[in-house]
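Visitor: For reference, the structure I am asking about is given below.
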2 protein chains.
Amino acid sequence: MGPGYTKLVQGLPASVPFVGPEAQERARGRAFVARIGANESVFGPSPKARAAMQHGAADIWMYGDPESHKLRSALAYHHEIASENIVVGEGIDALLGYLVRLVVEPGDKVITSAGAYPTFNYHVTGFGGDLVCLPYRADAEDAVALVKMAAQVNAKLIYLANPDNPMGSWHAQAVVSEMIALVPAGCLLVLDEAYVEFAPEGTAPPLDIGNERVIRMRTFSKAYGMAGARVGYAIGARDLIRAFDKIRNHFGMCRMSQVGALAALADQPYLRSVIGQVAQARRTIGQIAAANGLVALPSATNFVAIDCGRDSSFAAEVLHGLIARDIFVRMPFVAPQNRCIRVSAGTMRDLDAFGAALPGALDDARQK
Amino acid sequence: MGPGYTKLVQGLPASVPFVGPEAQERARGRAFVARIGANESVFGPSPKARAAMQHGAADIWMYGDPESHKLRSALAYHHEIASENIVVGEGIDALLGYLVRLVVEPGDKVITSAGAYPTFNYHVTGFGGDLVCLPYRADAEDAVALVKMAAQVNAKLIYLANPDNPMGSWHAQAVVSEMIALVPAGCLLVLDEAYVEFAPEGTAPPLDIGNERVIRMRTFSKAYGMAGARVGYAIGARDLIRAFDKIRNHFGMCRMSQVGALAALADQPYLRSVIGQVAQARRTIGQIAAANGLVALPSATNFVAIDCGRDSSFAAEVLHGLIARDIFVRMPFVAPQNRCIRVSAGTMRDLDAFGAALPGALDDARQK
């Protein structure tokens, strides 16, 4: 007989949000040739960030500063807000978990889109929340419908990723601002801007840390190329940010990651060069798709959803064909988005490998 | 108006378990000369671990393996158990948080000792648990009393650190084994062995992964010298370990930390050299205490509690005197342990600075 798990835990599925590429490699017994499935940045972090982490390895005997003071100060300067409006955490994933824990009791309603970020759903379910999922509209999260539904069911949280993962679509600032204006009292909009650095100028509404109904999530995992370092941050009203201190893992930050993020933030020219390389990679993915008779969806992220032109079974066959050809890619989970596969921006070499593998994967899929 | 926090969160204090030394330095406007207050390992990690992390910085664009497969395999080999009996997490702190979340519902009883590890209490309170704290006996956690109390109040969890923090005391294997045998059904003993590598051979009972009533916590933060990397692990029955997958932050591990821990584990000769250096530092701390007319308590850890010979106010004055002299140390929170200050094993230079500062700190305290 084991311990007395909580009723909530007893009811939770054993399923996990994502299987890592390493697990797939172990199951296959073979490494991938191109790792372009997890929206990681193949272009890596700034060389200065890498050097800072390498230098920081000598200090690893010390716990990281639980307040991430230097990093928060630098972020505050960068965003022209105060440190007290920023909380740093072990990636957006951890911050989403803390946030859900702060506000969601069993039975509380939470609004998201069917097929949006599964790790958010994982946390909501994990704390007993009741997810209300609205369909995508034209491959985008239906921003205003989400907030209207929140008012209707008295929701605690609304999730919107802008730009969106897995489709790469995005809303212009005006749409998000309209949405923000409609957030009902007692409800909080989680604006996940993990990919915002890749989006056209003006996609993100101005930061308004006086608004207690919005929290913005940012990360060093995507444009800054440090997914493995686990550094995310949230921007919000002072009292909301302070509430994280009641529950977060204060000593949870890796010290090397803290110094790495600080150096990465300071190297904005490098960030801009990555954004340029990613834009080029998106164009290349679009060309590969077109050369194979497929349509690449517009993207404001570091990945491209490619419409495989048929149903989800077909897209899944294409995906499996690519994986069999040592190309790690993923696909959306929910219809109608799952007619697509999702390809992360890769190096020229990654995309050459993808371009070489796609025709065979498509042929195989068509013959199933 | 902010978001609708849960009832539980509304009732939580804003206090945090520990203030970091960096925050103290900022408040003082001056750096510490000796950082010997947080039981970090001034001797650092194995040079091989440091090299592995430095090398790993190049791979930081990739998420860490969410299963920490290589590290768990190496730990399984090291401990002669199966990987499925090990879960890796962002330090013991995170694992304690996950564990509490798995089993503690509001009002559930949890047994610990008055003045034992505050971060465990933080998690218990954070999930609405009801702490029952028993007094230390002869500066040690009262192992058998804890487990008897658990039976009496139908507790979900019992916490025992062996060796103990903050006193450095330890129980021989036979005592812990007796305790384990008495854990009631439906209850789980959390055996925090963060410092066990420093303890005399035979302090830890043999691992028994068939026993569903015990979970063991280990870390790379102490003897392995990697506090800033945030790598801890728990050893337990397969079903219990699997339950962590329902709620943990699967992608929470820093990739550099994973490779660092793997290399640190492989370098057991270095670990032994650190254990030797720590033993020497404990002796030096004992000599400094004796030279100042104070008694150093026996310790099986990388720190020493020094009995200042009077009450907690006096010890606090000594502590403040040391901090004013740029020596970062801490002290126990609860009587009668708080008649002591707690000094971590330092380098010769750290302990020279401590030895130079202590007489003045004592003089000042005596004159208050």
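Identifiers in the structure tokens: chain A, B, ... in order shown; residue index from 1 per chain; ligand index from 1 in order shown.
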List every residue of range 136-338 of chain A that DSSP, applied to the backbone of this structure, places in alpha helix (DSSP H), and write the result as a VMD selection string.

Guide: chain A and resid 143 to 153 173 to 182 238 to 243 255 to 266 268 to 291 312 to 324

Visitor: Mind checking which residues fall within 12 Å of range 23-33 of chain B, counting only C-alpha atoms, ignoring those fewer than 2 positions away in the same chain, and posting them as JSON, numbers by chain?

Guide: {"A": [64, 65, 66, 67, 68, 69, 70], "B": [18, 19, 20, 21, 35, 36, 37, 320, 322, 323, 324, 325, 326, 327, 328, 329, 330, 346, 347, 349, 350, 351, 352, 353, 354, 356, 357]}

Visitor: So that I can see what lies close to Pro205 in chain A, please list as a PyMOL selection string the residues with an atom at most 9 Å from it, counting only C-alpha atoms and leaving out residues fewer than 4 positions away in the same chain.

Guide: chain A and resi 172-174+176-177

Visitor: Pull C-alpha atoms from the residues just selected and write them as an mmCIF file, in the first residue's frame.

Guide:
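File produced: result.cif:
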data_model
loop_
_atom_site.group_PDB
_atom_site.id
_atom_site.type_symbol
_atom_site.label_atom_id
_atom_site.label_comp_id
_atom_site.auth_asym_id
_atom_site.auth_seq_id
_atom_site.Cartn_x
_atom_site.Cartn_y
_atom_site.Cartn_z
ATOM 1 C CA ALA A 172 -2.004 42.552 -34.227
ATOM 2 C CA GLN A 173 -1.655 44.709 -31.166
ATOM 3 C CA ALA A 174 -5.115 46.215 -31.643
ATOM 4 C CA VAL A 176 -4.944 41.969 -28.143
ATOM 5 C CA SER A 177 -5.630 45.402 -26.709
#

Visitor: Out of B:His250, B:His79, B:Arg72, B:Arg137, which residue has the shortest atom-to-atom distance to chain A when counting only C-alpha atoms?

Guide: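 Once distances to chain A are computed over only C-alpha atoms, the minimum belongs to B:His250.
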
Visitor: Any idea what's packed within 8 Å of Glu212 in chain A, counting only C-alpha atoms, ignoring anything in its chain fewer than 6 positions away? Could you give it as a list in words?

Guide: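 Near neighbours after the sequence-gap exclusion: Leu188, Gly236, Ala237 and Leu240 of chain A; Met1, Gly2 and Pro3 of chain B.
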
Visitor: Skip Asp307 in chain A itself and residues of its chain fewer than 5 positions away, then list as a PyMOL selection string all residues within 10 Å of it, counting only C-alpha atoms.

Guide: chain A and resi 167+289+293-297+315+337-342

Visitor: Run DSSP on the backbone and give me the residues of range 3-107 of chain A it puts in strand (DSSP E or B), as a list in words.

Guide: Ala34, Arg35, Ile86, Val87, Val88 and Gly89 of chain A

Visitor: Sorted by chain and rising residue number, list the residues of chain A at most 7 Å from chain B (counting only C-alpha atoms), each with its closest atom pair and distance in Å to one decimal, as JSON lines.

Guide:
{"residue": "A:Met1", "atom": "CA", "partner": "B:Glu212", "partner_atom": "CA", "distance": 6.6}
{"residue": "A:Gly2", "atom": "CA", "partner": "B:Glu212", "partner_atom": "CA", "distance": 5.2}
{"residue": "A:Pro3", "atom": "CA", "partner": "B:Gly186", "partner_atom": "CA", "distance": 4.6}
{"residue": "A:Gly4", "atom": "CA", "partner": "B:Gly186", "partner_atom": "CA", "distance": 5.1}
{"residue": "A:Tyr5", "atom": "CA", "partner": "B:Val103", "partner_atom": "CA", "distance": 4.2}
{"residue": "A:Thr6", "atom": "CA", "partner": "B:Val103", "partner_atom": "CA", "distance": 5.0}
{"residue": "A:Val9", "atom": "CA", "partner": "B:Leu102", "partner_atom": "CA", "distance": 6.1}
{"residue": "A:Leu12", "atom": "CA", "partner": "B:Lys246", "partner_atom": "CA", "distance": 6.5}
{"residue": "A:Pro13", "atom": "CA", "partner": "B:Lys246", "partner_atom": "CA", "distance": 6.6}
{"residue": "A:Ala14", "atom": "CA", "partner": "B:Lys246", "partner_atom": "CA", "distance": 5.3}
{"residue": "A:Ser15", "atom": "CA", "partner": "B:Lys246", "partner_atom": "CA", "distance": 7.0}
{"residue": "A:Val16", "atom": "CA", "partner": "B:Asp245", "partner_atom": "CA", "distance": 7.0}
{"residue": "A:Gly20", "atom": "CA", "partner": "B:Asp65", "partner_atom": "CA", "distance": 6.2}
{"residue": "A:Glu22", "atom": "CA", "partner": "B:Asp65", "partner_atom": "CA", "distance": 6.1}
{"residue": "A:Glu40", "atom": "CA", "partner": "B:Met62", "partner_atom": "CA", "distance": 6.0}
{"residue": "A:Ser41", "atom": "CA", "partner": "B:Trp61", "partner_atom": "CA", "distance": 5.7}
{"residue": "A:Val42", "atom": "CA", "partner": "B:Trp61", "partner_atom": "CA", "distance": 6.4}
{"residue": "A:Gly44", "atom": "CA", "partner": "B:Trp61", "partner_atom": "CA", "distance": 5.0}
{"residue": "A:Pro45", "atom": "CA", "partner": "B:Trp61", "partner_atom": "CA", "distance": 6.7}
{"residue": "A:Arg50", "atom": "CA", "partner": "B:Ala57", "partner_atom": "CA", "distance": 5.8}
{"residue": "A:Met53", "atom": "CA", "partner": "B:Ala57", "partner_atom": "CA", "distance": 6.5}
{"residue": "A:Gln54", "atom": "CA", "partner": "B:Gln54", "partner_atom": "CA", "distance": 4.5}
{"residue": "A:Ala57", "atom": "CA", "partner": "B:Arg50", "partner_atom": "CA", "distance": 5.8}
{"residue": "A:Ala58", "atom": "CA", "partner": "B:Arg50", "partner_atom": "CA", "distance": 6.8}
{"residue": "A:Ile60", "atom": "CA", "partner": "B:Gly228", "partner_atom": "CA", "distance": 4.7}
{"residue": "A:Trp61", "atom": "CA", "partner": "B:Met226", "partner_atom": "CA", "distance": 4.6}
{"residue": "A:Met62", "atom": "CA", "partner": "B:Gly228", "partner_atom": "CA", "distance": 5.1}
{"residue": "A:Tyr63", "atom": "CA", "partner": "B:Gly228", "partner_atom": "CA", "distance": 4.0}
{"residue": "A:Gly64", "atom": "CA", "partner": "B:Gly228", "partner_atom": "CA", "distance": 5.3}
{"residue": "A:Asp65", "atom": "CA", "partner": "B:Glu22", "partner_atom": "CA", "distance": 6.1}
{"residue": "A:Pro66", "atom": "CA", "partner": "B:Gly20", "partner_atom": "CA", "distance": 6.3}
{"residue": "A:Glu90", "atom": "CA", "partner": "B:Gly252", "partner_atom": "CA", "distance": 6.3}
{"residue": "A:Asp93", "atom": "CA", "partner": "B:Asn249", "partner_atom": "CA", "distance": 7.0}
{"residue": "A:Ala94", "atom": "CA", "partner": "B:Asn249", "partner_atom": "CA", "distance": 6.4}
{"residue": "A:Leu102", "atom": "CA", "partner": "B:Tyr5", "partner_atom": "CA", "distance": 5.6}
{"residue": "A:Val103", "atom": "CA", "partner": "B:Tyr5", "partner_atom": "CA", "distance": 4.2}
{"residue": "A:Val104", "atom": "CA", "partner": "B:Thr6", "partner_atom": "CA", "distance": 6.2}
{"residue": "A:Glu105", "atom": "CA", "partner": "B:Thr6", "partner_atom": "CA", "distance": 6.0}
{"residue": "A:Gly126", "atom": "CA", "partner": "B:Ile247", "partner_atom": "CA", "distance": 6.3}
{"residue": "A:Lys156", "atom": "CA", "partner": "B:Gly4", "partner_atom": "CA", "distance": 6.6}
{"residue": "A:Gly186", "atom": "CA", "partner": "B:Pro3", "partner_atom": "CA", "distance": 4.6}
{"residue": "A:Cys187", "atom": "CA", "partner": "B:Pro3", "partner_atom": "CA", "distance": 5.4}
{"residue": "A:Leu188", "atom": "CA", "partner": "B:Pro3", "partner_atom": "CA", "distance": 5.7}
{"residue": "A:Glu212", "atom": "CA", "partner": "B:Gly2", "partner_atom": "CA", "distance": 5.2}
{"residue": "A:Arg213", "atom": "CA", "partner": "B:Gly2", "partner_atom": "CA", "distance": 6.6}
{"residue": "A:Gly225", "atom": "CA", "partner": "B:Trp61", "partner_atom": "CA", "distance": 4.8}
{"residue": "A:Met226", "atom": "CA", "partner": "B:Trp61", "partner_atom": "CA", "distance": 4.6}
{"residue": "A:Ala227", "atom": "CA", "partner": "B:Tyr63", "partner_atom": "CA", "distance": 5.0}
{"residue": "A:Gly228", "atom": "CA", "partner": "B:Tyr63", "partner_atom": "CA", "distance": 4.0}
{"residue": "A:Ala229", "atom": "CA", "partner": "B:Cys254", "partner_atom": "CA", "distance": 4.9}
{"residue": "A:Arg230", "atom": "CA", "partner": "B:Cys254", "partner_atom": "CA", "distance": 5.9}
{"residue": "A:Asp245", "atom": "CA", "partner": "B:Ala14", "partner_atom": "CA", "distance": 6.6}
{"residue": "A:Lys246", "atom": "CA", "partner": "B:Ala14", "partner_atom": "CA", "distance": 5.3}
{"residue": "A:Ile247", "atom": "CA", "partner": "B:Gly126", "partner_atom": "CA", "distance": 6.2}
{"residue": "A:Asn249", "atom": "CA", "partner": "B:Ala94", "partner_atom": "CA", "distance": 6.4}
{"residue": "A:Gly252", "atom": "CA", "partner": "B:Glu90", "partner_atom": "CA", "distance": 6.3}
{"residue": "A:Cys254", "atom": "CA", "partner": "B:Ala229", "partner_atom": "CA", "distance": 4.9}
{"residue": "A:Arg255", "atom": "CA", "partner": "B:Gly228", "partner_atom": "CA", "distance": 4.8}

Visitor: In Å to one decimal, how far is CA of Ser313 in chain A from CA of Ile288 in chain A?

Guide: 21.3 Å

Visitor: What does the structure give for the distance between CA of Pro359 in chain B and CA of Asn292 in chain B, in Å to one decimal?

Guide: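 Spanning CA of Pro359 in chain B to CA of Asn292 in chain B is a straight-line distance of 6.6 Å.
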
Visitor: Near Arg216 in chain A, within 10 Å and counting only C-alpha atoms, which residues show up once chain neighbours fewer than 6 positions away are dropped, as a ChimeraX atom specification?

Guide: /A:86,160-161,189-194,204,207-209,233-236

Visitor: Grab the residues selected above and save them as a PDB file, in the first residue's frame with N, CA, C and O atoms.

Guide:
ATOM      1  N   ILE A  86       8.365  42.080 -12.072  1.00  0.00           N
ATOM      2  CA  ILE A  86       8.941  40.943 -12.800  1.00  0.00           C
ATOM      3  C   ILE A  86       9.243  39.805 -11.838  1.00  0.00           C
ATOM      4  O   ILE A  86       9.856  40.008 -10.792  1.00  0.00           O
ATOM      5  N   LEU A 160      -3.838  32.997 -23.795  1.00  0.00           N
ATOM      6  CA  LEU A 160      -3.628  33.341 -25.210  1.00  0.00           C
ATOM      7  C   LEU A 160      -2.136  33.392 -25.474  1.00  0.00           C
ATOM      8  O   LEU A 160      -1.404  34.105 -24.780  1.00  0.00           O
ATOM      9  N   ALA A 161      -1.696  32.621 -26.456  1.00  0.00           N
ATOM     10  CA  ALA A 161      -0.313  32.739 -26.908  1.00  0.00           C
ATOM     11  C   ALA A 161      -0.306  33.635 -28.130  1.00  0.00           C
ATOM     12  O   ALA A 161      -1.013  33.368 -29.101  1.00  0.00           O
ATOM     13  N   LEU A 189      -5.819  37.457 -17.696  1.00  0.00           N
ATOM     14  CA  LEU A 189      -5.377  37.016 -19.023  1.00  0.00           C
ATOM     15  C   LEU A 189      -3.895  36.654 -18.964  1.00  0.00           C
ATOM     16  O   LEU A 189      -3.061  37.488 -18.607  1.00  0.00           O
ATOM     17  N   VAL A 190      -3.593  35.402 -19.306  1.00  0.00           N
ATOM     18  CA  VAL A 190      -2.204  34.956 -19.407  1.00  0.00           C
ATOM     19  C   VAL A 190      -1.787  35.143 -20.857  1.00  0.00           C
ATOM     20  O   VAL A 190      -2.219  34.387 -21.734  1.00  0.00           O
ATOM     21  N   LEU A 191      -0.981  36.134 -21.091  1.00  0.00           N
ATOM     22  CA  LEU A 191      -0.542  36.435 -22.451  1.00  0.00           C
ATOM     23  C   LEU A 191       0.854  35.841 -22.617  1.00  0.00           C
ATOM     24  O   LEU A 191       1.835  36.396 -22.123  1.00  0.00           O
ATOM     25  N   ASP A 192       0.887  34.685 -23.254  1.00  0.00           N
ATOM     26  CA  ASP A 192       2.138  33.952 -23.424  1.00  0.00           C
ATOM     27  C   ASP A 192       2.836  34.493 -24.669  1.00  0.00           C
ATOM     28  O   ASP A 192       2.401  34.238 -25.792  1.00  0.00           O
ATOM     29  N   GLU A 193       3.898  35.237 -24.439  1.00  0.00           N
ATOM     30  CA  GLU A 193       4.618  35.874 -25.545  1.00  0.00           C
ATOM     31  C   GLU A 193       5.998  35.248 -25.751  1.00  0.00           C
ATOM     32  O   GLU A 193       6.980  35.935 -26.047  1.00  0.00           O
ATOM     33  N   ALA A 194       6.027  33.933 -25.635  1.00  0.00           N
ATOM     34  CA  ALA A 194       7.305  33.220 -25.768  1.00  0.00           C
ATOM     35  C   ALA A 194       7.992  33.511 -27.101  1.00  0.00           C
ATOM     36  O   ALA A 194       9.217  33.517 -27.178  1.00  0.00           O
ATOM     37  N   ALA A 204       3.177  43.126 -29.941  1.00  0.00           N
ATOM     38  CA  ALA A 204       2.895  43.151 -28.497  1.00  0.00           C
ATOM     39  C   ALA A 204       2.306  44.498 -28.103  1.00  0.00           C
ATOM     40  O   ALA A 204       2.869  45.542 -28.433  1.00  0.00           O
ATOM     41  N   LEU A 207       3.471  47.381 -22.526  1.00  0.00           N
ATOM     42  CA  LEU A 207       3.360  46.836 -21.170  1.00  0.00           C
ATOM     43  C   LEU A 207       2.572  47.825 -20.324  1.00  0.00           C
ATOM     44  O   LEU A 207       2.825  49.026 -20.366  1.00  0.00           O
ATOM     45  N   ASP A 208       1.625  47.292 -19.577  1.00  0.00           N
ATOM     46  CA  ASP A 208       0.824  48.152 -18.700  1.00  0.00           C
ATOM     47  C   ASP A 208       0.764  47.471 -17.345  1.00  0.00           C
ATOM     48  O   ASP A 208      -0.147  46.706 -17.051  1.00  0.00           O
ATOM     49  N   ILE A 209       1.769  47.762 -16.523  1.00  0.00           N
ATOM     50  CA  ILE A 209       1.893  47.027 -15.274  1.00  0.00           C
ATOM     51  C   ILE A 209       0.887  47.511 -14.227  1.00  0.00           C
ATOM     52  O   ILE A 209       0.783  46.934 -13.148  1.00  0.00           O
ATOM     53  N   TYR A 233      10.261  34.563 -17.563  1.00  0.00           N
ATOM     54  CA  TYR A 233       9.848  35.596 -16.610  1.00  0.00           C
ATOM     55  C   TYR A 233       8.444  36.051 -16.927  1.00  0.00           C
ATOM     56  O   TYR A 233       7.960  35.906 -18.047  1.00  0.00           O
ATOM     57  N   ALA A 234       7.798  36.553 -15.892  1.00  0.00           N
ATOM     58  CA  ALA A 234       6.444  37.073 -16.035  1.00  0.00           C
ATOM     59  C   ALA A 234       6.458  38.536 -15.638  1.00  0.00           C
ATOM     60  O   ALA A 234       7.193  38.948 -14.739  1.00  0.00           O
ATOM     61  N   ILE A 235       5.637  39.296 -16.336  1.00  0.00           N
ATOM     62  CA  ILE A 235       5.503  40.737 -16.087  1.00  0.00           C
ATOM     63  C   ILE A 235       4.057  41.003 -15.696  1.00  0.00           C
ATOM     64  O   ILE A 235       3.137  40.564 -16.398  1.00  0.00           O
ATOM     65  N   GLY A 236       3.872  41.683 -14.593  1.00  0.00           N
ATOM     66  CA  GLY A 236       2.504  41.961 -14.175  1.00  0.00           C
ATOM     67  C   GLY A 236       2.437  42.996 -13.065  1.00  0.00           C
ATOM     68  O   GLY A 236       3.455  43.595 -12.683  1.00  0.00           O
TER      69      GLY A 236
END

Visitor: Tell me, as a list in words, which residues lie within 10 Å of Lys148 in chain A, counting only C-alpha atoms; anything in the same chain fewer than 4 positions away does not count.

Guide: Ile111, Ala143, Val144, Gln152, Val153, Asn154, Met179, Leu182, Val183 and Pro184 of chain A

Visitor: For the atom pair CA of Arg238 in chain A and CA of Phe120 in chain A, what is the interatomic distance in Å to one decimal place?

Guide: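 Between these atoms lies a distance of 22.7 Å.
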
Visitor: From the set A:Pro118, A:Thr301, A:Asp311, A:Val124, which residue has the shortest atom-to-atom contact distance to Thr203 in chain A, counting only C-alpha atoms?

Guide: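 Of A:Pro118, A:Thr301, A:Asp311, A:Val124, the one nearest Thr203 in chain A is A:Thr301, counting only C-alpha atoms.
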